[in-house]
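Accompanying notes for the structure given below.
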Amino acid sequence: MLRSLYSSISGMKNMQTKLDVIGNNISNVNTYGFKKSRVTFKDAINQTISYASRPTETLGGKNAQQVGLGIETGSIDTVFTEGSLQTTGRALDLAISGGDGYFVVRNGSNNYFTRAGNFYIDEQGFLVNSDGNFVLAYDAYSHTLSQIQVPKKIPSNSFKLIGNLDRNFSYSRTVFDTNLNAHSINFEFEKIGHSNTWNVTLQVGGNTVGSFKATFDEKTGEFKNVDLNGLVTKSGSFSFQLDDGRGGLVEVALDIDLTDVTSISSSNTSADAKGSNVTLTGGLLWEDNAPSPINITVSDGLKEEDITIEFSKGSRNDTVTKWNVTIGDVVPNTVELTFDNITGDLISINGSSTNLDSFPFTSEDGMNFTIDFTNLFSTSNNFSFNADIAELQEYSISGNGDFIVQYSDGSVRRIATLALARFNNPEGLTKIGGNLFNVSENSGDPIFGNGGAGFGIIESGKLEMSNVDLTEEFTEMIVAQRAFQSNSRIITTSDEILQEIVNLKR
């Protein structure tokens, strides 16, 4: 009798374990990337009442007689079937489809693995999961893992050139390829003969990767156009490929704006008078002496006045350049012209931005006339390349895990490629909570790679749902409940029989 009691106790205990597993499965029915578990059982030790015997000449063989002593838990397995994919439309929601790969995340120096792909970008631009663990990238060339950081702002490959071309010279700038790797590019400026046209050659590592011609007005020195292989435009746009250092090629795209560049060898100004309206034209080169005085006659229709216009340097800082204009025997006698250092354009006269094209003067004889200063420009041989700052606009993740971002300058860059991991025995992984798995002695070491055959395709805008089937779980719950009840009936029945035995004494 005692054997049936203890066998049924083991049955009840193990059915409790089965119900615990079922309860955990049901509670995680809406957990992204969750993998359900199942319980298998095996019979416990058997008590042998009689052993088996061989057949003899006079008697046939006999089988052993054994009485089982209950049940044991055979295994609690994690079932790694793929869950259904839920469409979210969010770019950083990722699911792995058609493979047994896992996303790789890092906490400190420890790497963990997950199928839950709800990721985020933190304040510093790092790609993380909901617990702040860093999502890792894998470089298939160097076989290394690294954190993924998405720059919110990057130096653009769109350059605005500022300054004056008065001699042959070269200038080096750092540019970035589509993988955000830096390259040093050298711009060689060489004047063509006695014309005001310049040949500009782009070189990387001593190799020419592009060239164009820049033409400036022969008289004023102001920029006219760019000749790019016969295409005349206002800016130069280039696209060329460089060695990526890994046996492949990577693209670099540049856009060069020359509209604020001048080409004059000295300050040169002129004046044109139409009655009482005077127009000044020309360029003021800071490194040169002031231009020669201009003598001109103005008239209001009744009388004429000869005036002399003289320029002198004022001051220059990082943003503006100031020149003084003195006109004898008129009021005001001296005015201060302020020019923008980037565009070279006039921005104010005596601190005011009004009447730039018709600034009023009065001669000592009382004649009124105006001067248009807007056709003057200021420049300097202090040549510079001003790179725009491009801001992050949007991002996407491709099927193989390429993290691709687009910036405000129109450039598209590949930041990294997400890491995926496979295992020889994925069922040997250990759950550690937070939708994470850890390696165990029986899982094998991770095999890293990127999205593709075996690992699975990464689906952006989707999340893998739990693989828990409620219909199956409720069915298993009923089976466990009935088994528990049946084992309890064995205990009550055995107890009644024992009670009858005790009653025999009466």
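Please note that chains go A, B, ... in the order of the structure tokens, that every chain numbers its residues from 1, and that ligands are numbered from 1 in the order shown.
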request  = Just list the residues in segment 272-379 of chain A DSSP gives strand (DSSP E) on the backbone, as an MDAnalysis selection string.
outcome  = chainID A and resid 272:274 277:285 294:299 304:316 320:327 330:331 334:340 346:349 359:363 368:379
Each segment 233-344 of chain A residue no farther than 10 Å from segment 181-188 of chain A, nearest pair in Å, only C-alpha atoms, as a Markdown table:
| residue | atom | partner | partner_atom | distance |
| --- | --- | --- | --- | --- |
| A:Leu242 | CA | A:His183 | CA | 9.1 |
| A:Asp244 | CA | A:Asn181 | CA | 8.7 |
| A:Val250 | CA | A:Asn181 | CA | 9.5 |
| A:Val252 | CA | A:His183 | CA | 9.1 |
I need the residues from that last selection saved to file as a short mmCIF file (atom, residue, chain, number, x, y, z; two decimals), in the first residue's frame (with N, CA and C atoms), if you can.
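Resulting contents of result_39.cif:
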data_model
loop_
_atom_site.label_atom_id
_atom_site.label_comp_id
_atom_site.auth_asym_id
_atom_site.auth_seq_id
_atom_site.Cartn_x
_atom_site.Cartn_y
_atom_site.Cartn_z
N LEU A 242 36.74 54.76 -53.49
CA LEU A 242 38.05 54.56 -52.90
C LEU A 242 38.16 53.14 -52.36
N ASP A 244 38.33 50.49 -49.72
CA ASP A 244 37.84 50.48 -48.34
C ASP A 244 38.78 49.77 -47.37
N VAL A 250 34.46 51.75 -51.71
CA VAL A 250 33.45 52.51 -50.97
C VAL A 250 33.30 53.86 -51.65
N VAL A 252 32.50 57.93 -52.12
CA VAL A 252 32.60 59.25 -51.50
C VAL A 252 31.90 60.25 -52.42
#
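Taking only C-alpha atoms into account, Ile397 of chain A lies nearest to A:Arg90 out of the set A:Lys303, A:Arg90, A:Arg173, A:Lys234.
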I'd like the contact shell of Arg54 of chain A - 12 Å cut-off, only C-alpha atoms, skipping same-chain residues fewer than 5 positions apart - returned as a list of chain:residue names. A:Leu59, A:Gly60, A:Gly61, A:Lys62, A:Asn63, A:Ala64
Counting only C-alpha atoms, closest pick from A:Pro293, A:Gly108, A:Gly117, A:Pro446 relative to Leu463 of chain A is A:Gly117
With distances taken over only C-alpha atoms, the candidate from A:Ile389, A:Ala116, A:Leu69, A:Leu94 nearest Ser466 of chain A is A:Ala116
- Neighbour list for Thr201 of chain A as number ranges by chain, cut-off 12 Å, only C-alpha atoms, skip fewer than 2 positions in-chain: A: 168-172, 185-191, 198-199, 203-204, 206-214, 228, 236, 238
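When only C-alpha atoms are used to measure the gap to Asn350 of chain A, the shortest distance among A:Gly366, A:Pro332, A:Gly98, A:Gly33 belongs to A:Pro332.
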Restricting to only C-alpha atoms, whichever of A:Glu427, A:Asn289, A:Thr58, A:Ile264 is closest to Ser75 of chain A is A:Glu427
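Among A:Ser142, A:Ser267, A:Thr326, A:Ser440, the residue with the shortest atom-to-atom distance to Asn381 of chain A, counting only C-alpha atoms, is A:Ser267.
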Could you list, as a PyMOL selection string, every residue within 10 Å of Leu436 of chain A, counting only C-alpha atoms and ignoring same-chain residues fewer than 3 positions away?
chain A and resi 33-34+102-105+111-116+429-433
May I have the selected residues written with N, CA and C atoms, as a PDB file, in the first residue's frame?
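File written: part.pdb
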ATOM      1  N   GLY A  33       9.341  37.987 -28.304  1.00  0.00           N
ATOM      2  CA  GLY A  33      10.525  37.140 -28.364  1.00  0.00           C
ATOM      3  C   GLY A  33      10.542  36.014 -27.357  1.00  0.00           C
ATOM      4  N   PHE A  34       9.451  35.830 -26.596  1.00  0.00           N
ATOM      5  CA  PHE A  34       9.429  34.775 -25.566  1.00  0.00           C
ATOM      6  C   PHE A  34       9.328  33.398 -26.211  1.00  0.00           C
ATOM      7  N   TYR A 102      20.162  35.087 -33.153  1.00  0.00           N
ATOM      8  CA  TYR A 102      19.763  35.889 -31.997  1.00  0.00           C
ATOM      9  C   TYR A 102      20.462  37.236 -32.075  1.00  0.00           C
ATOM     10  N   PHE A 103      19.766  38.303 -31.685  1.00  0.00           N
ATOM     11  CA  PHE A 103      20.437  39.580 -31.522  1.00  0.00           C
ATOM     12  C   PHE A 103      21.417  39.477 -30.352  1.00  0.00           C
ATOM     13  N   VAL A 104      22.505  40.245 -30.442  1.00  0.00           N
ATOM     14  CA  VAL A 104      23.542  40.207 -29.404  1.00  0.00           C
ATOM     15  C   VAL A 104      23.535  41.549 -28.676  1.00  0.00           C
ATOM     16  N   VAL A 105      23.434  41.500 -27.345  1.00  0.00           N
ATOM     17  CA  VAL A 105      23.472  42.715 -26.530  1.00  0.00           C
ATOM     18  C   VAL A 105      24.564  42.560 -25.477  1.00  0.00           C
ATOM     19  N   ASN A 111      28.185  39.358 -22.877  1.00  0.00           N
ATOM     20  CA  ASN A 111      27.293  39.351 -24.022  1.00  0.00           C
ATOM     21  C   ASN A 111      26.133  38.403 -23.765  1.00  0.00           C
ATOM     22  N   TYR A 112      24.942  38.850 -24.138  1.00  0.00           N
ATOM     23  CA  TYR A 112      23.737  38.042 -24.001  1.00  0.00           C
ATOM     24  C   TYR A 112      23.004  38.021 -25.332  1.00  0.00           C
ATOM     25  N   PHE A 113      21.962  37.187 -25.407  1.00  0.00           N
ATOM     26  CA  PHE A 113      21.320  36.929 -26.682  1.00  0.00           C
ATOM     27  C   PHE A 113      19.805  36.998 -26.516  1.00  0.00           C
ATOM     28  N   THR A 114      19.137  37.530 -27.544  1.00  0.00           N
ATOM     29  CA  THR A 114      17.695  37.740 -27.431  1.00  0.00           C
ATOM     30  C   THR A 114      17.042  37.674 -28.798  1.00  0.00           C
ATOM     31  N   ARG A 115      15.761  37.332 -28.790  1.00  0.00           N
ATOM     32  CA  ARG A 115      14.942  37.402 -30.008  1.00  0.00           C
ATOM     33  C   ARG A 115      14.009  38.607 -29.960  1.00  0.00           C
ATOM     34  N   ALA A 116      13.996  39.309 -28.839  1.00  0.00           N
ATOM     35  CA  ALA A 116      13.153  40.495 -28.697  1.00  0.00           C
ATOM     36  C   ALA A 116      13.889  41.695 -29.296  1.00  0.00           C
ATOM     37  N   LEU A 429      20.711  26.874 -24.341  1.00  0.00           N
ATOM     38  CA  LEU A 429      20.817  28.214 -23.775  1.00  0.00           C
ATOM     39  C   LEU A 429      20.046  28.317 -22.467  1.00  0.00           C
ATOM     40  N   THR A 430      20.497  29.201 -21.606  1.00  0.00           N
ATOM     41  CA  THR A 430      19.880  29.396 -20.296  1.00  0.00           C
ATOM     42  C   THR A 430      19.139  30.722 -20.263  1.00  0.00           C
ATOM     43  N   LYS A 431      17.871  30.680 -19.842  1.00  0.00           N
ATOM     44  CA  LYS A 431      17.113  31.914 -19.663  1.00  0.00           C
ATOM     45  C   LYS A 431      17.593  32.634 -18.408  1.00  0.00           C
ATOM     46  N   ILE A 432      17.819  33.953 -18.544  1.00  0.00           N
ATOM     47  CA  ILE A 432      18.272  34.714 -17.375  1.00  0.00           C
ATOM     48  C   ILE A 432      17.336  35.883 -17.071  1.00  0.00           C
ATOM     49  N   GLY A 433      16.168  35.937 -17.727  1.00  0.00           N
ATOM     50  CA  GLY A 433      15.228  37.024 -17.500  1.00  0.00           C
ATOM     51  C   GLY A 433      15.483  38.191 -18.439  1.00  0.00           C
TER      52      GLY A 433
END
| said: Taking 5 positions as the minimum chain separation for residues in the same chain, which residues sit within 12 Å of Gly410 of chain A when counting only C-alpha atoms? Answer as a PyMOL selection string. | reply: chain A and resi 156-158+178+253-255+388-394+405
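Taking atom CA of Pro151 of chain A as the reference point, atom CA of Ser408 of chain A is found at 12.5 Å.
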